[in-house]
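**Q** Take a look at input31.txt, compact mmCIF, C-alpha atoms:
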# COMPACT_ATOMS: atom_id res chain seq x y z
CA MET A 1 3.90 -9.41 22.63
CA ALA A 2 5.25 -6.40 20.77
CA LEU A 3 7.50 -5.49 23.72
CA ILE A 4 8.80 -9.07 23.89
CA ALA A 5 9.56 -9.03 20.15
CA ILE A 6 11.38 -5.69 20.50
CA ALA A 7 13.37 -7.03 23.45
CA ILE A 8 14.39 -10.17 21.51
CA VAL A 9 15.45 -8.17 18.46
CA SER A 10 17.36 -5.63 20.59
CA GLY A 11 19.14 -8.42 22.46
CA THR A 12 20.08 -10.12 19.19
CA ILE A 13 21.47 -6.87 17.78
CA PHE A 14 23.59 -6.17 20.86
CA TYR A 15 24.89 -9.75 20.94
CA SER A 16 25.72 -9.58 17.21
CA GLN A 17 27.67 -6.37 17.82
CA TYR A 18 29.53 -8.06 20.67
CA LEU A 19 30.43 -11.00 18.41
CA GLU A 20 31.48 -8.63 15.65
CA LYS A 21 33.92 -6.80 17.92
CA LYS A 22 35.27 -10.07 19.31
CA ILE A 23 35.84 -11.57 15.84
CA ALA A 24 37.40 -8.31 14.62
CA ALA A 25 39.83 -8.34 17.56
CA GLU A 26 40.74 -11.98 16.92
CA GLU A 27 41.31 -11.30 13.23
CA ARG A 28 43.60 -8.38 14.00
CA LEU A 29 45.54 -10.58 16.41
CA LYS A 30 45.92 -13.21 13.67
CA VAL A 31 47.21 -10.58 11.25
CA GLU A 32 49.71 -9.37 13.87
CA GLU A 33 50.88 -12.96 14.38
CA TRP A 34 51.17 -13.36 10.61
CA VAL A 35 53.26 -10.15 10.39
CA GLU A 36 55.51 -11.24 13.26
CA ALA A 37 56.02 -14.63 11.62
CA GLY A 38 56.93 -12.86 8.42
CA LYS A 39 59.54 -10.80 10.26
CA LEU A 40 61.24 -13.98 11.40
CA LEU A 41 61.75 -14.99 7.77
CA VAL A 42 64.06 -12.00 7.18
CA THR A 43 65.66 -11.75 10.62
CA ASP A 44 67.64 -13.99 12.96
CA ARG A 45 65.48 -17.00 13.88
CA SER A 46 67.83 -18.63 16.36
CA GLY A 47 65.82 -20.63 18.82
CA VAL A 48 62.64 -20.33 16.77
CA SER A 49 61.16 -23.39 15.13
CA ASP A 50 60.93 -23.10 11.32
CA ARG A 51 57.90 -25.35 11.45
CA LEU A 52 56.11 -22.99 13.88
CA VAL A 53 56.79 -20.01 11.59
CA SER A 54 55.54 -21.99 8.60
CA ILE A 55 52.35 -23.01 10.41
CA ILE A 56 51.56 -19.42 11.43
CA ILE A 57 52.08 -18.11 7.90
CA THR A 58 50.18 -20.87 6.12
CA GLN A 59 47.23 -21.08 8.51
CA ASN A 60 45.89 -17.72 7.36
CA THR A 61 43.61 -18.72 4.52
CA THR A 62 40.70 -16.34 5.12
CA ILE A 63 42.00 -12.85 6.01
CA PRO A 64 42.93 -10.90 2.84
CA ILE A 65 46.12 -8.82 3.29
CA ILE A 66 47.95 -6.31 1.09
CA VAL A 67 51.51 -5.22 1.98
CA THR A 68 52.77 -1.79 0.86
CA ASP A 69 55.79 0.38 1.43
CA GLU A 70 55.66 3.91 2.80
CA ARG A 71 54.83 5.24 -0.68
CA ASN A 72 51.80 2.92 -0.95
CA TYR A 73 53.51 0.77 -3.56
CA ILE A 74 52.06 -2.75 -3.33
CA ILE A 75 54.76 -5.25 -2.39
CA ASP A 76 52.81 -8.39 -1.62
CA HIS A 77 49.30 -9.75 -1.06
CA VAL A 78 47.55 -12.90 0.14
CA ASN A 79 44.04 -14.39 0.04
CA LEU A 80 42.83 -12.28 -2.89
CA ASP A 81 41.02 -13.37 -6.04
CA SER A 82 43.64 -15.34 -7.96
CA THR A 83 41.98 -14.53 -11.29
CA ALA A 84 42.21 -10.77 -10.75
CA ILE A 85 45.49 -10.22 -8.90
CA ASN A 86 47.26 -9.27 -12.12
CA ASP A 87 44.89 -6.36 -12.56
CA SER A 88 46.42 -3.27 -10.91
CA ALA A 89 43.01 -1.57 -10.72
CA TYR A 90 41.62 -4.51 -8.75
CA LEU A 91 44.48 -4.33 -6.25
CA LYS A 92 44.11 -0.56 -5.85
CA ASP A 93 40.37 -0.92 -5.23
CA LYS A 94 40.99 -3.60 -2.62
CA LEU A 95 43.64 -1.42 -0.97
CA ARG A 96 41.22 1.50 -0.71
CA LYS A 97 38.59 -0.79 0.76
CA PHE A 98 41.02 -2.27 3.33
CA LYS A 99 42.09 1.22 4.39
CA SER A 100 38.47 2.11 5.11
CA GLU A 101 37.84 -1.08 7.09
CA ASN A 102 40.82 -1.45 9.42
CA GLU A 103 43.86 0.41 10.70
CA PRO A 104 47.07 -0.95 9.13
CA ILE A 105 49.76 -2.80 11.05
CA GLU A 106 53.18 -1.17 10.67
CA TRP A 107 56.43 -3.13 10.46
CA THR A 108 59.94 -1.61 10.60
CA ASN A 109 62.90 -3.56 9.27
CA PRO A 110 65.23 -4.06 12.26
CA THR A 111 68.30 -4.06 9.99
CA ASN A 112 67.23 -0.86 8.24
CA ARG A 113 65.18 1.49 10.42
CA ASN A 114 64.26 3.62 7.41
CA GLU A 115 62.45 0.74 5.74
CA LYS A 116 58.82 0.42 6.79
CA ASN A 117 56.02 -1.75 5.49
CA LEU A 118 52.27 -1.34 6.05
CA TYR A 119 49.97 -4.34 6.29
CA TYR A 120 46.38 -3.56 5.26
CA TYR A 121 43.78 -6.25 5.78
CA GLY A 122 40.09 -6.68 5.05
CA ASN A 123 37.19 -8.33 6.80
CA THR A 124 36.58 -12.04 6.44
CA PRO A 125 33.25 -13.44 5.15
CA LEU A 126 32.46 -14.57 8.70
CA LEU A 127 32.84 -11.05 10.09
CA ASN A 128 30.68 -9.60 7.29
CA GLN A 129 27.99 -12.21 7.96
CA VAL A 130 27.93 -11.37 11.67
CA ARG A 131 27.89 -7.64 10.87
CA TYR A 132 24.95 -7.84 8.46
CA TYR A 133 23.04 -10.53 10.32
CA PRO A 134 20.97 -8.01 12.38
CA LEU A 135 19.90 -6.23 9.17
CA VAL A 136 18.81 -9.52 7.63
CA GLN A 137 16.98 -10.40 10.83
CA LEU A 138 15.24 -7.02 10.91
CA PHE A 139 14.21 -7.45 7.28
CA ILE A 140 12.76 -10.91 7.97
CA ILE A 141 10.93 -9.68 11.08
CA GLY A 142 9.62 -6.66 9.16
CA LEU A 143 8.44 -8.91 6.35
CA PHE A 144 6.74 -11.22 8.88
CA ILE A 145 5.00 -8.25 10.55
CA ALA A 146 3.88 -6.90 7.16
CA ILE A 147 2.45 -10.28 6.12
CA THR A 148 0.70 -10.60 9.50
CA LEU A 149 -0.84 -7.13 9.16
CA ILE A 150 -1.98 -7.88 5.61
CA MET A 151 -3.58 -11.13 6.77
CA LEU A 152 -5.29 -9.40 9.69
CA THR A 153 -6.51 -6.59 7.44
CA THR A 154 -7.75 -9.06 4.84
CA GLY A 155 -9.53 -11.07 7.53
CA PHE A 156 -11.11 -7.93 8.97
CA ARG A 157 -12.30 -6.80 5.54
CA SER A 158 -13.68 -10.25 4.83
CA THR A 159 -15.59 -10.20 8.12
CA GLN A 160 -16.75 -6.66 7.40
CA ASN A 161 -17.98 -7.71 3.96
CA GLN A 162 -19.89 -10.60 5.47
CA VAL A 163 -21.52 -8.26 8.01
CA TRP A 164 -22.46 -5.81 5.25
CA ALA A 165 -23.87 -8.57 3.07
CA GLY A 166 -25.75 -10.17 5.96
CA MET A 167 -27.25 -6.87 7.08
CA ALA A 168 -28.28 -5.98 3.52
CA LYS A 169 -29.91 -9.35 2.85
CA GLU A 170 -31.71 -9.29 6.19
CA THR A 171 -33.03 -5.79 5.39
CA ALA A 172 -34.25 -7.00 1.99
CA HIS A 173 -35.90 -9.98 3.67
CA GLN A 174 -37.65 -7.82 6.25
CA LEU A 175 -38.89 -5.40 3.58
CA GLY A 176 -40.24 -8.23 1.43
CA THR A 177 -43.31 -9.06 3.50
CA PRO A 178 -44.77 -5.53 3.93
CA ILE A 179 -44.04 -4.70 0.27
CA THR A 180 -45.94 -7.75 -0.91
CA SER A 181 -48.80 -6.78 1.37
CA LEU A 182 -48.84 -3.20 0.08
CA GLN A 183 -48.89 -4.41 -3.51
CA GLY A 184 -52.00 -6.44 -2.67
CA TRP A 185 -53.72 -3.42 -1.12
CA VAL A 186 -52.93 -1.31 -4.20
CA GLU A 187 -54.54 -3.92 -6.46
CA MET A 188 -57.61 -3.95 -4.22
CA LEU A 189 -57.83 -0.15 -4.44
CA LYS A 190 -57.69 -0.38 -8.22
CA ASP A 191 -60.53 -2.90 -8.24
CA ALA A 192 -62.55 -0.67 -5.91
CA GLN A 193 -62.23 2.17 -8.46
CA SER A 194 -60.67 4.54 -5.93
CA ASP A 195 -59.13 7.89 -6.82
CA ASP A 196 -56.75 7.10 -9.71
CA MET A 197 -54.21 9.77 -8.72
CA ILE A 198 -53.91 8.45 -5.18
CA VAL A 199 -53.64 4.85 -6.39
CA ASN A 200 -50.99 5.77 -8.95
CA GLU A 201 -48.90 7.62 -6.42
CA MET A 202 -49.20 4.77 -3.92
CA GLU A 203 -48.15 2.34 -6.64
CA LYS A 204 -45.08 4.45 -7.41
CA ASP A 205 -44.07 4.45 -3.75
CA VAL A 206 -44.62 0.72 -3.45
CA ASN A 207 -42.52 0.14 -6.56
CA ARG A 208 -39.90 2.38 -5.05
CA LEU A 209 -39.86 0.28 -1.89
CA LYS A 210 -39.57 -2.82 -4.05
CA LEU A 211 -36.56 -1.26 -5.84
CA VAL A 212 -34.90 -0.48 -2.49
CA SER A 213 -35.46 -4.06 -1.37
CA ASP A 214 -34.04 -5.34 -4.65
CA ARG A 215 -30.92 -3.19 -4.18
CA PHE A 216 -30.28 -4.51 -0.70
CA GLY A 217 -30.86 -8.05 -1.91
CA LYS A 218 -28.08 -7.68 -4.48
CA ILE A 219 -25.48 -6.61 -1.90
CA GLY A 220 -23.22 -9.53 -1.02
CA SER A 221 -23.99 -11.54 -4.15
CA THR A 222 -22.56 -11.15 -7.62
CA PRO A 223 -25.08 -9.07 -9.60
CA LYS A 224 -25.83 -9.73 -13.24
CA LEU A 225 -24.26 -7.03 -15.39
CA GLU A 226 -26.16 -5.91 -18.47
CA GLU A 227 -25.29 -3.59 -21.32
CA ASN A 228 -27.08 -0.29 -20.74
CA ASN A 229 -27.00 3.26 -22.01
CA VAL A 230 -25.17 5.24 -19.32
CA VAL A 231 -26.57 8.58 -20.50
CA LEU A 232 -30.18 7.37 -20.30
CA GLN A 233 -29.59 5.62 -16.96
CA VAL A 234 -28.08 8.72 -15.34
CA ASN A 235 -30.66 11.07 -16.88
CA ASN A 236 -33.53 9.00 -15.44
CA MET A 237 -32.07 9.35 -11.94
CA VAL A 238 -31.49 13.09 -12.40
CA GLU A 239 -35.11 13.53 -13.41
CA TYR A 240 -36.27 11.44 -10.45
CA ILE A 241 -34.28 13.51 -7.93
CA LYS A 242 -35.17 16.77 -9.70
CA LYS A 243 -38.89 16.22 -9.01
CA ARG A 244 -38.18 15.80 -5.30
CA ALA A 245 -35.72 18.66 -4.90
CA SER A 246 -36.27 22.29 -3.94
CA GLY A 247 -37.33 24.66 -6.71
CA LYS A 248 -34.22 26.69 -5.97
CA ILE A 249 -31.95 23.87 -7.12
CA ILE A 250 -30.88 24.02 -10.78
CA PHE A 251 -29.99 20.71 -12.47
CA ASN A 252 -27.68 20.61 -15.50
CA MET A 253 -27.00 17.53 -17.60
CA ILE A 254 -24.00 17.65 -19.96
CA ALA A 255 -23.69 14.51 -22.08
CA PRO A 256 -23.07 13.52 -25.70
CA SER A 257 -26.08 12.92 -27.91
CA ALA A 258 -24.84 9.46 -28.86
CA ASP A 259 -25.42 6.46 -26.63
CA ILE A 260 -22.61 5.39 -24.30
CA ILE A 261 -22.87 1.70 -23.50
CA ALA A 262 -21.41 0.03 -20.41
CA ARG A 263 -22.03 -3.21 -18.53
CA MET A 264 -23.79 -2.49 -15.24
CA SER A 265 -26.35 -3.59 -12.71
CA PRO A 266 -29.07 -0.95 -13.21
CA PRO A 267 -30.57 -1.09 -9.68
CA LEU A 268 -27.16 -0.79 -8.00
CA PHE A 269 -25.82 1.81 -10.42
CA ASP A 270 -28.97 3.93 -9.93
CA TRP A 271 -28.40 3.67 -6.18
CA VAL A 272 -24.92 5.18 -6.58
CA ILE A 273 -26.15 8.08 -8.73
CA GLU A 274 -29.01 8.67 -6.29
CA ASN A 275 -26.61 8.78 -3.33
CA LEU A 276 -24.31 11.26 -5.07
CA LEU A 277 -27.22 13.51 -6.06
CA LYS A 278 -28.73 13.41 -2.56
CA ASN A 279 -25.34 14.26 -1.04
CA ALA A 280 -25.11 17.20 -3.43
CA LEU A 281 -28.56 18.44 -2.34
CA ASP A 282 -27.62 18.11 1.34
CA ALA A 283 -24.38 20.03 0.75
CA MET A 284 -26.25 22.96 -0.87
CA GLU A 285 -28.94 23.17 1.84
CA GLY A 286 -31.81 24.00 -0.54
CA GLN A 287 -30.15 26.41 -2.98
CA GLY A 288 -27.54 26.06 -5.74
CA SER A 289 -26.88 23.95 -8.82
CA VAL A 290 -26.01 20.36 -9.60
CA THR A 291 -24.18 19.54 -12.81
CA VAL A 292 -23.81 15.98 -14.09
CA THR A 293 -21.22 15.60 -16.85
CA ILE A 294 -20.72 12.43 -18.88
CA LYS A 295 -17.80 11.95 -21.27
CA GLU A 296 -15.76 9.10 -22.67
CA ASN A 297 -12.49 8.10 -24.28
CA ALA A 298 -11.37 4.93 -26.02
CA SER A 299 -11.53 2.74 -22.92
CA ASP A 300 -13.27 4.62 -20.07
CA ILE A 301 -16.49 6.45 -19.24
CA TYR A 302 -16.36 9.43 -16.87
CA ILE A 303 -19.35 10.61 -14.85
CA ASP A 304 -18.84 13.77 -12.78
CA VAL A 305 -21.41 14.99 -10.23
CA THR A 306 -20.64 18.59 -9.27
CA ASP A 307 -22.46 20.73 -6.71
CA THR A 308 -22.08 24.32 -5.52
CA GLY A 309 -22.40 23.40 -1.86
CA LYS A 310 -20.23 23.89 1.21
CA GLY A 311 -17.44 21.56 0.02
CA ILE A 312 -15.36 19.05 1.95
CA SER A 313 -12.38 19.94 4.14
CA LYS A 314 -9.00 18.46 3.21
CA THR A 315 -8.95 16.39 6.39
CA ASN A 316 -12.31 14.80 5.53
CA ILE A 317 -11.70 14.03 1.85
CA THR A 318 -9.86 10.81 2.74
CA ARG A 319 -12.58 9.85 5.23
CA VAL A 320 -15.81 10.39 3.29
CA PHE A 321 -15.90 6.77 2.04
CA ARG A 322 -15.34 5.22 5.46
CA PRO A 323 -18.38 3.39 6.89
CA GLY A 324 -20.00 5.46 9.61
CA PHE A 325 -18.40 8.78 8.67
CA THR A 326 -20.93 11.59 8.22
CA THR A 327 -21.13 15.33 8.80
CA LYS A 328 -24.93 15.29 8.89
CA LYS A 329 -26.90 15.55 12.12
CA ARG A 330 -28.95 12.60 10.98
CA GLY A 331 -27.43 9.80 8.96
CA TRP A 332 -25.58 6.53 9.24
CA GLY A 333 -22.66 7.48 7.01
CA LEU A 334 -23.19 4.43 4.78
CA GLY A 335 -24.27 5.97 1.44
CA LEU A 336 -20.85 6.84 0.03
CA SER A 337 -19.27 3.72 1.50
CA LEU A 338 -21.84 1.50 -0.20
CA SER A 339 -21.55 3.50 -3.42
CA LYS A 340 -17.80 3.02 -3.57
CA ARG A 341 -18.21 -0.69 -2.87
CA ILE A 342 -20.80 -1.02 -5.66
CA ILE A 343 -18.64 0.75 -8.24
CA LYS A 344 -15.34 -0.86 -7.27
CA GLN A 345 -16.37 -4.38 -6.31
CA TYR A 346 -19.27 -5.05 -8.66
CA HIS A 347 -18.53 -2.78 -11.65
CA ARG A 348 -14.70 -2.89 -11.48
CA GLY A 349 -14.64 0.90 -11.66
CA GLU A 350 -13.59 3.82 -9.48
CA LEU A 351 -15.39 6.38 -7.34
CA PHE A 352 -13.48 9.22 -5.72
CA VAL A 353 -13.52 12.93 -4.88
CA LYS A 354 -12.12 14.60 -8.00
CA ASN A 355 -11.86 17.99 -6.30
CA SER A 356 -13.47 19.96 -3.51
CA GLU A 357 -13.14 23.47 -2.17
CA GLN A 358 -14.83 24.67 0.98
CA GLY A 359 -17.51 27.24 0.25
CA LYS A 360 -17.47 26.50 -3.50
CA GLY A 361 -18.49 22.89 -3.97
CA THR A 362 -17.43 19.33 -4.67
CA THR A 363 -17.05 17.04 -7.67
CA PHE A 364 -17.36 13.26 -7.35
CA ARG A 365 -16.11 11.21 -10.28
CA ILE A 366 -17.14 7.73 -11.39
CA ILE A 367 -14.96 5.85 -13.90
CA LEU A 368 -16.42 2.83 -15.67
CA LYS A 369 -14.70 0.56 -18.16
CA LYS A 370 -16.32 0.32 -21.54
So that I can check it, write out the structure of this file as structure tokens.

**A**
Amino acid sequence: MALIAIAIVSGTIFYSQYLEKKIAAEERLKVEEWVEAGKLLVTDRSGVSDRLVSIIITQNTTIPIIVTDERNYIIDHVNLDSTAINDSAYLKDKLRKFKSENEPIEWTNPTNRNEKNLYYYGNTPLLNQVRYYPLVQLFIIGLFIAITLIMLTTGFRSTQNQVWAGMAKETAHQLGTPITSLQGWVEMLKDAQSDDMIVNEMEKDVNRLKLVSDRFGKIGSTPKLEENNVVLQVNNMVEYIKKRASGKIIFNMIAPSADIIARMSPPLFDWVIENLLKNALDAMEGQGSVTVTIKENASDIYIDVTDTGKGISKTNITRVFRPGFTTKKRGWGLGLSLSKRIIKQYHRGELFVKNSEQGKGTTFRIILKK
């Protein structure tokens, strides 16, 4: 189809050029006829019909012409703007334009060989329309292609969103049954007065599974946003990851003492922070430091997650949020993609790589509206 479209456009362009040359040649011939008819007005017209001369001169109503002498002094003109012909600057501008468009036609007075006139003429509206028609056509075709691509991209994204949402909801549905069962077993262990430490830890893990299921269940539907303290929310996730990280990892939390309030979905927002922190741990391979910085201005809240890991190459920075992209040996490459979707689509914020340097580390930034 693309080759057919290119062939049609190319054929149209070549045909338009052919018409342009043909019309230009016909217009020059008309000007030459007009000049010859004008000669007859000042020379012997024996045997020449006055009516024929008059018809030739008066039938030119479209081709603009300016007549000058050898010194470029304007002698006469036809088919110019009647409201501006008294303006010498207008005539000079038109003369310059005509000189750039067409070669002049020269006329020598037969009774005085030293007297020569030059006839400069411009293009008619018809010729200009034919000349610029291919550009207009290319613009329309380009606009059509752009609209088609946008529609295809929008349709693909819509389909992709539906797949994401369907997969997430199905995962939440599948997790629901075993989680409910595990909760029942935990309650039975409590009643049986089993080891409290084991029961408590099992309950934490079951609650964690329930939280994961709740997160997946919220993907694809509009979550309820609540006003929450960003500092407290982020700090809770840092503490959670800190307990499960290597002892060689140092965690730093830099945040104002005052509360910073933003509207968010706590389960989904925690998921984003967890993904960023886990990515930081993976990048450092068991040793280094993670610094979480929270700051604000009049309208925005900034959350930076910085690690001292291996960094991201310049070629991969633009790809890290694509579904399926991962540099890990094990992984689906969905964490950052889901995180960006959660921040952008549900929280109307931004998530991006603020900076990264290979061998020194990476900083991810979240921007939330107050």

**Q** Report as JSON the centre and the edge lengths, in Å to one decimal, of the axis-aligned box holding every listed atom of range 339-358 of chain A, padded by 3 Å on each side.

**A**
{"center_x": -16.7, "center_y": 9.8, "center_z": -5.3, "size_x": 15.7, "size_y": 35.7, "size_z": 18.6}

**Q** Tell me which protein, DNA and RNA residues are within 10 Å of Ser265 in chain A, counting only C-alpha atoms, leaving out same-chain ones fewer than 3 positions away, and put them as a ChimeraX atom specification.

**A** /A:215,218,222-228,262,268-271,342-343,346-347

**Q** Between A:Thr58, A:Gln233, A:Thr362, A:Asn114, which one has atoms that come closest to Ser289 in chain A, using all atoms listed in the file?

**A**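 Looking at the shortest contact to Ser289 in chain A, the residue is A:Thr362.
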
**Q** Residues near Tyr90 in chain A, anyone? I mean within 12 Å using only C-alpha atoms, not counting same-chain ones fewer than 6 positions away, as a VMD selection string.

**A** chain A and resid 66 74 80 to 84 96 to 97

**Q** Those same residues - C-alpha atoms - I'd like them written as a compact mmCIF listing (two decimals), keeping the file's coordinate frame.

**A**
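Resulting contents of again31.txt:
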# COMPACT_ATOMS: atom_id res chain seq x y z
CA ILE A 66 47.95 -6.31 1.09
CA ILE A 74 52.06 -2.75 -3.33
CA LEU A 80 42.83 -12.28 -2.89
CA ASP A 81 41.02 -13.37 -6.04
CA SER A 82 43.64 -15.34 -7.96
CA THR A 83 41.98 -14.53 -11.29
CA ALA A 84 42.21 -10.77 -10.75
CA ARG A 96 41.22 1.50 -0.71
CA LYS A 97 38.59 -0.79 0.76

**Q** Could you please determine the separation between CA of Gln17 in chain A and CA of Leu29 in chain A in Å, to one decimal place?

**A**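 Distance between the two atoms: 18.4 Å.
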
**Q** Looking at all atoms listed in the file, which of A:Val320, A:Val199, A:Ile312, A:Val305 is the one that sits closest to Trp185 in chain A?

**A**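 Nearest candidate to Trp185 in chain A out of A:Val320, A:Val199, A:Ile312, A:Val305: A:Val199.
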
**Q** Asp259 in chain A: which residues within 8 Å, counting all atoms listed in the file, same-chain residues fewer than 2 positions away excluded, as JSON, numbers by chain?

**A** {"A": [229, 230, 231, 232, 256, 257, 261]}

**Q** By how many Å are CA of Glu296 in chain A and CA of Ile273 in chain A apart?

**A**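 A separation of 17.4 Å between them.
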
**Q** Just the number, please: distance in Å from CA of Thr318 in chain A to CA of Lys340 in chain A, one decimal.

**A**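 For CA of Thr318 in chain A relative to CA of Lys340 in chain A, the distance reads 12.8 Å.
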
**Q** Counting all atoms listed in the file, find residues at most 6 Å from (-28.0, 17.4, -13.4) (file frame) and give them as a PDB file with C-alpha atoms, keeping the file's coordinate frame.

**A**
ATOM      1  CA  VAL A 238     -31.490  13.090 -12.400  1.00  0.00           C
ATOM      2  CA  PHE A 251     -29.990  20.710 -12.470  1.00  0.00           C
ATOM      3  CA  ASN A 252     -27.680  20.610 -15.500  1.00  0.00           C
ATOM      4  CA  MET A 253     -27.000  17.530 -17.600  1.00  0.00           C
ATOM      5  CA  VAL A 290     -26.010  20.360  -9.600  1.00  0.00           C
ATOM      6  CA  THR A 291     -24.180  19.540 -12.810  1.00  0.00           C
ATOM      7  CA  VAL A 292     -23.810  15.980 -14.090  1.00  0.00           C
TER       8      VAL A 292
END

**Q** Taking into account all atoms listed in the file, which residue in the set A:Pro323, A:Gly349, A:Gly247, A:Gly38 is nearest to Gly288 in chain A?

**A**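 Of all the options, A:Gly247 lies closest to Gly288 in chain A.
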
**Q** Which is closer to Leu138 in chain A than all the others in A:Asn355, A:Thr180, A:Ser10, A:Ser313, using only C-alpha atoms?

**A**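 Closest to Leu138 in chain A of all the choices is A:Ser10.
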